[in-house]
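Participant: Here you go, this is my_file33.pdb (PDB, C-alpha atoms).
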```
ATOM      1  CA  MET U   1     -11.256  -4.299   1.188
ATOM      2  CA  SER U   2      -7.696  -2.955   1.459
ATOM      3  CA  ARG U   3      -6.765  -5.899   3.699
ATOM      4  CA  LEU U   4      -7.957  -8.307   1.043
ATOM      5  CA  VAL U   5      -6.032  -6.447  -1.675
ATOM      6  CA  SER U   6      -2.882  -6.485   0.475
ATOM      7  CA  ILE U   7      -3.144 -10.206   1.126
ATOM      8  CA  LEU U   8      -3.815 -10.906  -2.568
ATOM      9  CA  LEU U   9      -0.710  -8.868  -3.506
ATOM     10  CA  LEU U  10       1.319 -10.877  -0.996
ATOM     11  CA  ILE U  11       0.013 -14.134  -2.477
ATOM     12  CA  TYR U  12       0.767 -12.824  -5.978
ATOM     13  CA  SER U  13       4.372 -12.110  -4.917
ATOM     14  CA  TYR U  14       4.694 -15.641  -3.574
ATOM     15  CA  PHE U  15       3.487 -17.193  -6.825
ATOM     16  CA  LEU U  16       5.623 -14.789  -8.854
ATOM     17  CA  ILE U  17       8.720 -16.083  -7.074
ATOM     18  CA  ARG U  18       7.605 -19.741  -7.178
ATOM     19  CA  THR U  19       6.952 -19.688 -10.918
ATOM     20  CA  HIS U  20      10.116 -17.803 -11.926
ATOM     21  CA  LEU U  21      12.641 -19.242  -9.459
ATOM     22  CA  PRO U  22      13.407 -22.433 -11.453
ATOM     23  CA  LYS U  23      14.026 -20.401 -14.632
ATOM     24  CA  LEU U  24      16.361 -17.799 -13.106
ATOM     25  CA  PRO U  25      20.149 -17.925 -13.516
ATOM     26  CA  ALA U  26      22.342 -18.859 -10.539
ATOM     27  CA  ARG U  27      23.296 -15.188 -10.070
ATOM     28  CA  ILE U  28      20.675 -12.435 -10.205
ATOM     29  CA  PRO U  29      20.853  -8.674  -9.640
ATOM     30  CA  THR U  30      19.907  -7.783  -6.074
ATOM     31  CA  HIS U  31      20.905  -4.122  -5.869
ATOM     32  CA  PHE U  32      20.648  -1.280  -8.348
ATOM     33  CA  ASN U  33      22.183   2.187  -8.436
ATOM     34  CA  SER U  34      20.154   5.350  -8.991
ATOM     35  CA  ALA U  35      20.411   4.917 -12.770
ATOM     36  CA  GLY U  36      18.801   1.476 -12.521
ATOM     37  CA  VAL U  37      21.991  -0.430 -13.345
ATOM     38  CA  ALA U  38      22.670  -3.579 -11.344
ATOM     39  CA  ASP U  39      25.626  -3.160  -8.967
ATOM     40  CA  GLY U  40      24.995  -6.021  -6.550
ATOM     41  CA  TRP U  41      24.433  -9.700  -7.214
ATOM     42  CA  GLY U  42      23.097 -12.658  -5.253
ATOM     43  CA  SER U  43      21.309 -15.963  -5.511
ATOM     44  CA  PRO U  44      17.709 -16.292  -6.673
ATOM     45  CA  GLY U  45      16.854 -17.353  -3.128
ATOM     46  CA  SER U  46      17.312 -13.736  -2.064
ATOM     47  CA  LEU U  47      13.892 -13.041  -3.592
ATOM     48  CA  TRP U  48      12.445 -14.828  -0.549
ATOM     49  CA  LEU U  49      13.969 -12.124   1.648
ATOM     50  CA  ILE U  50      12.025  -9.508  -0.278
ATOM     51  CA  LEU U  51       8.869 -11.561   0.164
ATOM     52  CA  GLY U  52       9.662 -11.822   3.878
ATOM     53  CA  ALA U  53       9.998  -8.042   4.126
ATOM     54  CA  GLN U  54       6.698  -7.662   2.275
ATOM     55  CA  ALA U  55       4.984 -10.129   4.622
ATOM     56  CA  LEU U  56       6.394  -8.373   7.698
ATOM     57  CA  THR U  57       5.209  -4.988   6.424
ATOM     58  CA  CYS U  58       1.792  -6.445   5.664
ATOM     59  CA  ALA U  59       1.540  -7.983   9.135
ATOM     60  CA  ILE U  60       2.519  -4.740  10.861
ATOM     61  CA  PHE U  61      -0.168  -2.746   9.069
ATOM     62  CA  LEU U  62      -2.756  -5.413   9.839
ATOM     63  CA  VAL U  63      -1.807  -5.461  13.545
ATOM     64  CA  VAL U  64      -1.704  -1.692  14.246
ATOM     65  CA  PRO U  65      -5.512  -1.250  14.321
ATOM     66  CA  LEU U  66      -5.816  -4.306  16.565
ATOM     67  CA  LEU U  67      -3.249  -2.805  18.941
ATOM     68  CA  GLY U  68      -5.323   0.371  19.021
ATOM     69  CA  GLN U  69      -8.370  -1.564  20.156
ATOM     70  CA  ARG U  70      -6.556  -3.477  22.836
ATOM     71  CA  TYR U  71      -3.869  -0.974  23.919
ATOM     72  CA  PRO U  72      -4.951   2.586  22.997
ATOM     73  CA  ASP U  73      -1.782   4.040  24.594
ATOM     74  CA  THR U  74       0.364   2.419  21.881
ATOM     75  CA  VAL U  75      -1.216   4.282  18.939
ATOM     76  CA  HIS U  76      -0.093   7.868  18.370
ATOM     77  CA  LEU U  77      -2.082  10.208  16.141
ATOM     78  CA  GLY U  78       0.093  13.210  15.552
ATOM     79  CA  LEU U  79       0.588  14.848  18.934
ATOM     80  CA  ARG U  80      -1.975  12.746  20.812
ATOM     81  CA  ARG U  81      -2.435   9.135  21.731
ATOM     82  CA  LEU U  82      -5.594   7.238  21.005
ATOM     83  CA  SER U  83      -6.143   6.936  24.756
ATOM     84  CA  ASP U  84      -6.346  10.762  24.998
ATOM     85  CA  PHE U  85      -9.690  10.683  23.181
ATOM     86  CA  PRO U  86     -12.906   9.914  25.061
ATOM     87  CA  ALA U  87     -13.968   6.284  24.814
ATOM     88  CA  PRO U  88     -17.096   6.969  22.690
ATOM     89  CA  GLU U  89     -14.983   8.671  19.989
ATOM     90  CA  ARG U  90     -12.326   5.974  19.814
ATOM     91  CA  ALA U  91     -14.446   3.695  17.616
ATOM     92  CA  GLY U  92     -14.622   6.307  14.867
ATOM     93  CA  ILE U  93     -10.940   7.094  15.215
ATOM     94  CA  LEU U  94     -10.046   3.399  15.108
ATOM     95  CA  THR U  95     -12.015   3.130  11.872
ATOM     96  CA  MET U  96      -9.855   5.892  10.408
ATOM     97  CA  VAL U  97      -6.660   4.241  11.731
ATOM     98  CA  ASN U  98      -7.785   0.992  10.121
ATOM     99  CA  GLN U  99      -8.430   2.744   6.786
ATOM    100  CA  MET U 100      -5.089   4.554   6.904
ATOM    101  CA  ALA U 101      -3.185   1.345   7.728
ATOM    102  CA  GLY U 102      -5.020  -0.465   4.931
ATOM    103  CA  TYR U 103      -4.157   2.141   2.294
ATOM    104  CA  LEU U 104      -0.522   2.274   3.435
ATOM    105  CA  ASN U 105      -0.423  -1.507   3.277
ATOM    106  CA  VAL U 106      -1.672  -1.548  -0.316
ATOM    107  CA  VAL U 107       0.821   1.126  -1.421
ATOM    108  CA  LEU U 108       3.793  -0.685   0.099
ATOM    109  CA  ASN U 109       2.637  -4.072  -1.195
ATOM    110  CA  LEU U 110       2.407  -2.595  -4.693
ATOM    111  CA  PHE U 111       5.958  -1.303  -4.255
ATOM    112  CA  PHE U 112       7.219  -4.772  -3.290
ATOM    113  CA  VAL U 113       5.355  -6.435  -6.182
ATOM    114  CA  PHE U 114       6.796  -3.943  -8.651
ATOM    115  CA  MET U 115      10.325  -4.426  -7.306
ATOM    116  CA  LEU U 116      10.060  -8.221  -7.444
ATOM    117  CA  ARG U 117       8.798  -8.102 -11.023
ATOM    118  CA  GLU U 118      11.565  -5.720 -12.061
ATOM    119  CA  ILE U 119      14.300  -7.787 -10.385
ATOM    120  CA  ILE U 120      13.010 -10.955 -12.078
ATOM    121  CA  ARG U 121      12.902  -9.185 -15.446
ATOM    122  CA  ALA U 122      16.417  -7.830 -14.944
ATOM    123  CA  ALA U 123      17.619 -11.359 -14.103
ATOM    124  CA  GLU U 124      15.996 -12.803 -17.225
ATOM    125  CA  GLN U 125      17.292  -9.973 -19.453
ATOM    126  CA  PRO U 126      20.721  -8.993 -18.064
ATOM    127  CA  ALA U 127      21.087  -5.812 -20.153
ATOM    128  CA  ARG U 128      17.793  -4.423 -18.866
ATOM    129  CA  HIS U 129      17.847  -1.484 -16.444
ATOM    130  CA  LEU U 130      15.529  -1.300 -13.475
ATOM    131  CA  GLN U 131      12.942   1.480 -13.587
ATOM    132  CA  VAL U 132      13.656   3.204 -10.256
ATOM    133  CA  PHE U 133      11.690   6.447 -10.609
ATOM    134  CA  TRP U 134       8.111   5.129 -10.577
ATOM    135  CA  PRO U 135       8.376   2.707  -7.662
ATOM    136  CA  VAL U 136       9.979   5.411  -5.537
ATOM    137  CA  VAL U 137       7.268   7.900  -6.525
ATOM    138  CA  LEU U 138       4.629   5.292  -5.713
ATOM    139  CA  ALA U 139       6.081   4.365  -2.325
ATOM    140  CA  MET U 140       7.126   7.809  -1.113
ATOM    141  CA  GLY U 141       4.396   9.881  -2.756
ATOM    142  CA  GLY U 142       1.596   7.485  -1.883
ATOM    143  CA  THR U 143       2.769   7.116   1.696
ATOM    144  CA  ALA U 144       3.202  10.866   2.155
ATOM    145  CA  ALA U 145      -0.234  11.634   0.679
ATOM    146  CA  ILE U 146      -1.997   9.064   2.857
ATOM    147  CA  LEU U 147      -0.202  10.190   6.014
ATOM    148  CA  TRP U 148      -0.836  13.867   5.278
ATOM    149  CA  TYR U 149      -4.546  13.259   4.672
ATOM    150  CA  TYR U 150      -5.137  11.184   7.804
ATOM    151  CA  LEU U 151      -2.924  13.253  10.094
ATOM    152  CA  ALA U 152      -4.917  16.330   9.030
ATOM    153  CA  LYS U 153      -8.122  14.454   9.928
ATOM    154  CA  PHE U 154      -6.686  13.430  13.305
ATOM    155  CA  ARG U 155      -5.577  17.007  13.962
ATOM    156  CA  LYS U 156      -9.107  18.288  13.292
ATOM    157  CA  LEU U 157     -10.457  15.741  15.739
ATOM    158  CA  GLY U 158      -7.907  16.840  18.311
ATOM    159  CA  LYS U 159      -9.082  20.437  17.980
ATOM    160  CA  GLY U 160     -12.699  19.419  18.400
ATOM    161  CA  GLU U 161     -13.650  20.078  14.750
ATOM    162  CA  GLY U 162     -14.726  16.512  14.139
ATOM    163  CA  GLY U 163     -18.307  17.095  15.205
ATOM    164  CA  THR U 164     -18.064  16.282  18.894
ATOM    165  CA  SER U 165     -15.862  17.616  21.630
ATOM    166  CA  THR U 166     -12.599  15.779  22.208
ATOM    167  CA  ARG U 167     -11.557  17.611  25.353
ATOM    168  CA  VAL U 168     -10.420  15.272  28.097
ATOM    169  CA  THR U 169     -11.243  16.525  31.563
ATOM    170  CA  PRO U 170      -8.853  15.531  34.350
TER     171      PRO U 170
END
```
Would you give me this structure, written as structure tokens?
Facilitator:
Amino acid sequence: MSRLVSILLLIYSYFLIRTHLPKLPARIPTHFNSAGVADGWGSPGSLWLILGAQALTCAIFLVVPLLGQRYPDTVHLGLRRLSDFPAPERAGILTMVNQMAGYLNVVLNLFFVFMLREIIRAAEQPARHLQVFWPVVLAMGGTAAILWYYLAKFRKLGKGEGGTSTRVTP
């Protein structure tokens, strides 16, 4: 479900840019200081760079679980690699990695959507300040909460508290 939400947010960003691009002035705000006042300017085409960053982020979070299936050495879970877990337990762990990547993907896609909307609004209403507090709280707080939750779950699994033993015998 989180993959679908992430892809829909990416599509929404695309249509947001497509519908507003013709109406934007030749020079739009592209950077804001901590007070939300524009201090950098660029062309409306720079919105495509933001969409590109959003698409790249989305792709990375969609690929990480697939990498875990194919190359378990590439996925690190705290202090251990996925390959350190016995093969029968990897499926459950990969499910958790997939969930974690999906939630992180949604949080960061929401951040990009919010920033695009705010930049477009600031371009249409030049005196308007960007609201910087809430997107930062969303991105940093949401990411930290998701990582903390799943890393705690992975740590429990590493200690053998996940229901089955995770000791790897040489």
Participant: For the structure shown, which residues end up in the PyMOL selection byres ((chain U and resi 91) around 12)? Put them as a list in words, please?
Facilitator: Pro65, Leu66, Gly68, Gln69, Arg70, Pro72, Leu82, Ser83, Phe85, Pro86, Ala87, Pro88, Glu89, Arg90, Gly92, Ile93, Leu94, Thr95, Met96, Val97 and Asn98 of chain U
Participant: Produce a file of the selected residues containing C-alpha atoms, as a compact mmCIF listing (two decimals), in the coordinates of the input.
Facilitator:
```
# COMPACT_ATOMS: atom_id res chain seq x y z
CA PRO U 65 -5.51 -1.25 14.32
CA LEU U 66 -5.82 -4.31 16.57
CA GLY U 68 -5.32 0.37 19.02
CA GLN U 69 -8.37 -1.56 20.16
CA ARG U 70 -6.56 -3.48 22.84
CA PRO U 72 -4.95 2.59 23.00
CA LEU U 82 -5.59 7.24 21.00
CA SER U 83 -6.14 6.94 24.76
CA PHE U 85 -9.69 10.68 23.18
CA PRO U 86 -12.91 9.91 25.06
CA ALA U 87 -13.97 6.28 24.81
CA PRO U 88 -17.10 6.97 22.69
CA GLU U 89 -14.98 8.67 19.99
CA ARG U 90 -12.33 5.97 19.81
CA GLY U 92 -14.62 6.31 14.87
CA ILE U 93 -10.94 7.09 15.22
CA LEU U 94 -10.05 3.40 15.11
CA THR U 95 -12.02 3.13 11.87
CA MET U 96 -9.86 5.89 10.41
CA VAL U 97 -6.66 4.24 11.73
CA ASN U 98 -7.78 0.99 10.12
```
Participant: Measuring between all atoms listed in the file, which one of U:Arg121, U:His129, U:Arg81, U:Arg3 shows the shortest distance to Pro25 (chain U)?
Facilitator: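 Distance minimum relative to Pro25 (chain U) lands on U:Arg121.
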Participant: Please provide the set of residues having any atom within 9 Å of Leu110 (chain U), restricted to only C-alpha atoms, with same-chain residues fewer than 3 positions apart removed, written as a count of residues only.
Facilitator: 11
Participant: Quick check on the file I pasted: which residues fall under the PyMOL selection byres ((chain U and resi 44) around 10)? Write them as a list of chain:residue names.
Facilitator: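 Expected selection for the PyMOL selection byres ((chain U and resi 44) around 10) here is U:Ile17, U:His20, U:Leu21, U:Pro22, U:Lys23, U:Leu24, U:Pro25, U:Ala26, U:Arg27, U:Ile28, U:Pro29, U:Thr30, U:Trp41, U:Gly42, U:Ser43, U:Gly45, U:Ser46, U:Leu47, U:Trp48, U:Ile119, U:Ile120, U:Ala123.
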Participant: Rounded to one decimal place, report the CA of Asn33 (chain U)-CA of Val132 (chain U) distance in Å.
Facilitator: 8.8 Å
Participant: Applying the PyMOL selection byres ((chain U and resi 143-155) around 8) to the file I just gave you, which residues come out? Please list them as a ChimeraX atom specification.
Facilitator: /U:77-78,93,96,100,103-104,107,138-142,156-159
Participant: At what distance in Å, to one decimal, does CA of Tyr71 (chain U) lie from CA of Val5 (chain U)?
Facilitator: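 CA of Val5 (chain U) sits 26.3 Å away from CA of Tyr71 (chain U).
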Participant: Let me make sure I understand: among U:Val75, U:Leu56, U:Arg117, U:Val63, which one has the smallest atom-to-atom distance to Thr19 (chain U) if we use all atoms listed in the file?
Facilitator: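 Using all atoms listed in the file, Thr19 (chain U) sits closest to U:Arg117.
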Participant: Please measure the separation of CA of Glu118 (chain U) and CA of Gln131 (chain U), giving the value in Å to one decimal.
Facilitator: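 Going from CA of Glu118 (chain U) over to CA of Gln131 (chain U) covers 7.5 Å.
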Participant: May I ask which of the residues U:Val37, U:Leu108, U:Leu16, U:Leu79 is the closest one to Thr57 (chain U), counting only C-alpha atoms?
Facilitator: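 Answer, going by the shortest atom-to-atom distance: U:Leu108.
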Participant: As AutoDock Vina command-line options, please report the centre and edge lengths, rounded to one decimal in Å, of the axis-aligned box that holds all listed atoms of region 44-48 of chain U with 8 Å of padding on each of the six sides.
Facilitator:
```
--center_x 15.1 --center_y -15.2 --center_z -3.6 --size_x 21.3 --size_y 20.3 --size_z 22.1
```
